[in-house]
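Following: one structure in structure tokens, then a few remarks.
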Amino acid sequence: MSARATRATSFGALLLARTWRDPRSRVASVVLALVALAALLAPLLTPYDPAAQLDIVRLRSLAPSLAHPFGTDPYSRDVLTRVLFGARVSLSIAFAAVALSISFGILVGVVAGYVGGMVDVVLMRLVDAALAIPRLLLIIAVVALWGSLSVASLTVLIAGVGWFTVSRLVRAETLVVRDRDYVVAARALGTSPWRHVLPNVVGPGIVNATLAVGNVILLEAGLSYLGIGVRPPTASWGSIIQDGAERVSDLWWLTVFPGLAIVVTVFACNALGDALRDALDPRQLPLSASEDLVHRP
Amino acid sequence: MVTTLTFVLVHLAPGDPIAATLDRPGVTEAVRQQWRESFGLDRPLSEQYVRWVANAARGELGYSFSHHRPVRDVLADTLPRTMLLGGLALVLSFVLGVLVGVLQAERPGGARDRWLGRVLLLLYSVPDFWLALVALLVFAYRLPIFPAGGIVDPVMHDYLSVGGRIADRLSHLVLPVLTLTLLSAASIARYQRSALMEVLPSDWMRTALAKGLSARAAVRRHAVRNALLPTITLAGLWLPTLAAGAVFIEKVFSWPGMGLATVNAIGARDYPLVTAGVLAISVLVVAGALLADIAVAIVDPRVRLS
């Protein structure tokens with residue numbers, strides 16, 4: 001706490017400093033880093049192959065033990081291995097989908113807000129209509145009716161229904177910034193105003209992205225559980241749960257362990273998102289003043 | 001608009017219901033063609049669309065290929081079950097959510113606020129189907145207190161007394177309603193807390209405190225009423241979330257409602273049932289928003305229905 005974060009000069013640095021002072025975000029960052037590391041180092045952490053059937057006769061549906069800490073599934077695959085490799089699939093879908101949808105949402109929001117007129121009206125009516133249908137229902141209809149989807153097209157689809165809220169937030173922000181003096185000045189000088197508009201409207205997008213990663217992990221798990229997300233034999237956290245869902249009474253380890261992986265990861269994402277949102281909240285006191293005013297027990 | 005989008009999406013997909021149900025070697029192309037003709041699937045899409053809209057407006061939603069009966073009958077069976085589940089969860093989760101939000105806002109930043117906040121964030125991070133599966137594992141299999149699924153006991157229900165039947169139905173409701181309630185209450189409590197935080201710095205709150213009310217009494221008597229308005233609006237907008245949650249809950253607990261019917265219809269490429277399911281939920285969404293607007297107008301003297 002002794003570090004005088006007041007030295008931070010730019011908006012980004014200030015935001016980072018403020019977020020980092022929040023204990024929630026420090027714990028959440030460590031947890032997320034550990035999960036990401038486990039996903040990256042999966043082949044080093046486990047001797048098994050995630051799709052390999054070890055011994056369909058003797059090693060099928062085993063309860064957790066020292067050799068198989070998370071047990072084995074009905075195909076004699078090691079569940080710990082599948083959870084570790086599943087982290088790669090679940091996390092990369094989440095990060096790629098969010099990166100795509102947030103960039104697209106920011107683009108649409110800035111264009112609608114800055115250009116205005118008919119473009120704005122058409123884009124926002126489109127967003128209104130899309131927001132009226134529950135997102136899950138939209139995805140269920142598309143995914144299931146198109147038959148099996150690759151991981152890449154699933155990612156694009158999840159991104160495709162995820163940008164509506166961001167575009168609304170960014171549009172509102174753009175409307176505020178559009179007529180500020182510095183943007184008018186940039187226009188008058190003949191330089192591109194985008195360079196001045198864009199950095200000032202992405203704030204809500206960033207907070208939304210952190211919360212969206214958690215949401216997309218939940219969404220992908222749900223779709224895979226319904227049997228229309230990641231297809232077997234590829235392991236994702238949701239598809240492992242799906243493998244054991246019909247036999248939850250005796251093969252509980254197939255449900256409990258990947259579920260805990262989801263909960264821990266999503267919890268960390270949401271905690272980080274909350275901390276970021278609080279740090280961005282303009283009603284909070286400036287950093288230097290709050291340093292003296294807020295006394296935490 | 002919503003109906004158009006659904007119709008286009010559903011029909012853009014490859015594969016058709018005839019191929020799904022009659023895809024067997026013994027069935028010749030001529031027979032399939034005849035089936036397509038009798039269901040109107042050989043007509044151009046534009047004609048199918050006009051016909052569908054005209055029929056839907058008259059409450060005629062087509063014929064469900066997988067249930068072998070009119071879609072209207074399938075909806076008549078399944079929709080009330082989903083509304084029972086969703087309605088109970090809606091009421092319970094708002095009572096619970098508002099209560100927890102108030103408990104938190106009485107002393108913002110206090111120990112109770114922070115601990116409740118963590119529990120809510122944790123619940124907010126749990127996949128709905130996973131919580132349902134764990135509830136099933138613990139309270140139906142490990143400790144057999146509640147039945148594992150369905151709406152009534154398939155064997156015993158008909159032999160029970162009236163009281164026994166009611167108890168049977170209630171015990172089948174407990175786990176699905178509780179899981180759905182718990183998850184949606186978490187979001188509502190988070191929302192209610194921030195709505196309260198918005199009104200806490202108002203002048204009339206300062207007046208209430210100045211006239212000697214304790215913080216708790218001021219929050220309960222004055223702040224809650226004002227913070228309830230956005231919450232009522234939220235209740236109307238909450239239906240899509242509940243509908244999505246109900247899809248998973250119904251699948252886990254084999255609850256034969258509309259969510260389960262829609263998911264199963266997708267697998268069977270039963271277009272009329274999928275379209276009708278999405279349409280029914282969209283109607284619920286619009287109706288919910290409308291009801292909430294009317295409720296706000298009744299509760300808030302500043303808003304007048306013109």
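Each chain in the structure tokens gets a letter, A, B, ..., in the order shown, and its residues are numbered from 1; ligands are numbered from 1 in order too.
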Contacts of chain A with chain B up to 8 Å, shortest pair per row, only C-alpha atoms, as JSON lines:
{"residue": "A:Ala129", "atom": "CA", "partner": "B:Val2", "partner_atom": "CA", "distance": 6.5}
{"residue": "A:Ala130", "atom": "CA", "partner": "B:Val2", "partner_atom": "CA", "distance": 7.8}
{"residue": "A:Ala132", "atom": "CA", "partner": "B:Ser282", "partner_atom": "CA", "distance": 7.2}
{"residue": "A:Ile133", "atom": "CA", "partner": "B:Ser282", "partner_atom": "CA", "distance": 6.3}
{"residue": "A:Pro134", "atom": "CA", "partner": "B:Pro240", "partner_atom": "CA", "distance": 5.3}
{"residue": "A:Leu136", "atom": "CA", "partner": "B:Ala244", "partner_atom": "CA", "distance": 6.3}
{"residue": "A:Leu137", "atom": "CA", "partner": "B:Ala244", "partner_atom": "CA", "distance": 7.0}
{"residue": "A:Ile140", "atom": "CA", "partner": "B:Val263", "partner_atom": "CA", "distance": 7.8}
{"residue": "A:Ala141", "atom": "CA", "partner": "B:Val10", "partner_atom": "CA", "distance": 6.8}
{"residue": "A:Val142", "atom": "CA", "partner": "B:Leu9", "partner_atom": "CA", "distance": 6.7}
{"residue": "A:Ala144", "atom": "CA", "partner": "B:Ile266", "partner_atom": "CA", "distance": 6.1}
{"residue": "A:Leu145", "atom": "CA", "partner": "B:Ala13", "partner_atom": "CA", "distance": 5.5}
{"residue": "A:Trp146", "atom": "CA", "partner": "B:Ala13", "partner_atom": "CA", "distance": 5.2}
{"residue": "A:Gly214", "atom": "CA", "partner": "B:Ser125", "partner_atom": "CA", "distance": 7.4}
{"residue": "A:Leu218", "atom": "CA", "partner": "B:Pro127", "partner_atom": "CA", "distance": 5.7}
{"residue": "A:Ala221", "atom": "CA", "partner": "B:Pro127", "partner_atom": "CA", "distance": 7.7}
{"residue": "A:Gly222", "atom": "CA", "partner": "B:Phe129", "partner_atom": "CA", "distance": 7.0}
{"residue": "A:Tyr225", "atom": "CA", "partner": "B:Phe129", "partner_atom": "CA", "distance": 8.0}
{"residue": "A:Leu226", "atom": "CA", "partner": "B:Phe248", "partner_atom": "CA", "distance": 7.8}
{"residue": "A:Ala245", "atom": "CA", "partner": "B:Leu133", "partner_atom": "CA", "distance": 7.5}
{"residue": "A:Val248", "atom": "CA", "partner": "B:Leu137", "partner_atom": "CA", "distance": 6.3}
{"residue": "A:Ser249", "atom": "CA", "partner": "B:Leu137", "partner_atom": "CA", "distance": 5.7}
{"residue": "A:Trp252", "atom": "CA", "partner": "B:Leu137", "partner_atom": "CA", "distance": 7.4}
{"residue": "A:Thr255", "atom": "CA", "partner": "B:Trp130", "partner_atom": "CA", "distance": 7.4}
{"residue": "A:Val256", "atom": "CA", "partner": "B:Val134", "partner_atom": "CA", "distance": 7.4}
{"residue": "A:Gly259", "atom": "CA", "partner": "B:Trp130", "partner_atom": "CA", "distance": 6.4}
{"residue": "A:Ile262", "atom": "CA", "partner": "B:Val126", "partner_atom": "CA", "distance": 7.5}
{"residue": "A:Val263", "atom": "CA", "partner": "B:Val126", "partner_atom": "CA", "distance": 5.3}
{"residue": "A:Val266", "atom": "CA", "partner": "B:Ser125", "partner_atom": "CA", "distance": 5.4}
{"residue": "A:Phe267", "atom": "CA", "partner": "B:Ser125", "partner_atom": "CA", "distance": 5.1}
{"residue": "A:Asn270", "atom": "CA", "partner": "B:Leu121", "partner_atom": "CA", "distance": 7.2}
{"residue": "A:Ala271", "atom": "CA", "partner": "B:Leu121", "partner_atom": "CA", "distance": 7.4}
### Query
Near Leu170 of chain B, counting only C-alpha atoms, which residues have an atom at most 12 Å away, once you skip same-chain residues fewer than 3 positions from it, shown as a PyMOL selection string?
chain B and resi 84-85+88+146-147+150-153+163-167+173-178
I'd like the contact shell of Val161 of chain A - 8 Å cut-off, only C-alpha atoms, skipping same-chain residues fewer than 2 positions apart - returned as a short mmCIF file (atom, residue, chain, number, x, y, z; two decimals) with N, CA and C atoms, in the first residue's frame.
data_model
loop_
_atom_site.label_atom_id
_atom_site.label_comp_id
_atom_site.auth_asym_id
_atom_site.auth_seq_id
_atom_site.Cartn_x
_atom_site.Cartn_y
_atom_site.Cartn_z
N SER A 101 -15.64 -10.59 -30.27
CA SER A 101 -16.92 -9.90 -30.08
C SER A 101 -16.71 -8.50 -29.53
N ARG A 135 -30.01 -15.07 -25.72
CA ARG A 135 -28.79 -15.42 -26.45
C ARG A 135 -28.62 -16.93 -26.59
N LEU A 138 -30.83 -18.41 -29.30
CA LEU A 138 -30.30 -18.08 -30.62
C LEU A 138 -29.20 -19.06 -30.99
N ILE A 139 -28.27 -19.27 -30.05
CA ILE A 139 -27.15 -20.18 -30.32
C ILE A 139 -27.63 -21.61 -30.48
N LEU A 157 -19.35 -18.23 -33.74
CA LEU A 157 -20.78 -18.12 -33.45
C LEU A 157 -21.02 -17.46 -32.09
N ILE A 158 -20.26 -17.92 -31.08
CA ILE A 158 -20.41 -17.33 -29.75
C ILE A 158 -20.07 -15.85 -29.79
N ALA A 159 -19.00 -15.52 -30.55
CA ALA A 159 -18.63 -14.11 -30.71
C ALA A 159 -19.74 -13.35 -31.42
N TRP A 163 -21.71 -9.42 -29.16
CA TRP A 163 -21.21 -8.04 -29.27
C TRP A 163 -22.27 -6.97 -29.05
N PHE A 164 -23.54 -7.38 -28.87
CA PHE A 164 -24.63 -6.40 -28.85
C PHE A 164 -24.50 -5.38 -27.70
#
Within 8 Å of Val207 of chain A using only C-alpha atoms, minus same-chain residues under 6 positions, as a short mmCIF file (atom, residue, chain, number, x, y, z; two decimals) with C-alpha atoms, in the first residue's frame:
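Contents of the output file part-v4.cif:
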data_model
loop_
_atom_site.label_atom_id
_atom_site.label_comp_id
_atom_site.auth_asym_id
_atom_site.auth_seq_id
_atom_site.Cartn_x
_atom_site.Cartn_y
_atom_site.Cartn_z
CA GLY A 273 -14.25 -7.71 -13.65
CA LEU A 276 -11.98 -3.23 -12.78
CA ARG A 277 -15.50 -1.81 -12.81
#
### Query
So, counting only C-alpha atoms, which residue among A:Asp49, A:Glu220, A:Asp120, A:Asp55 is closest to Phe85 of chain A?
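Using only C-alpha atoms, the shortest distance to Phe85 of chain A belongs to A:Asp49.
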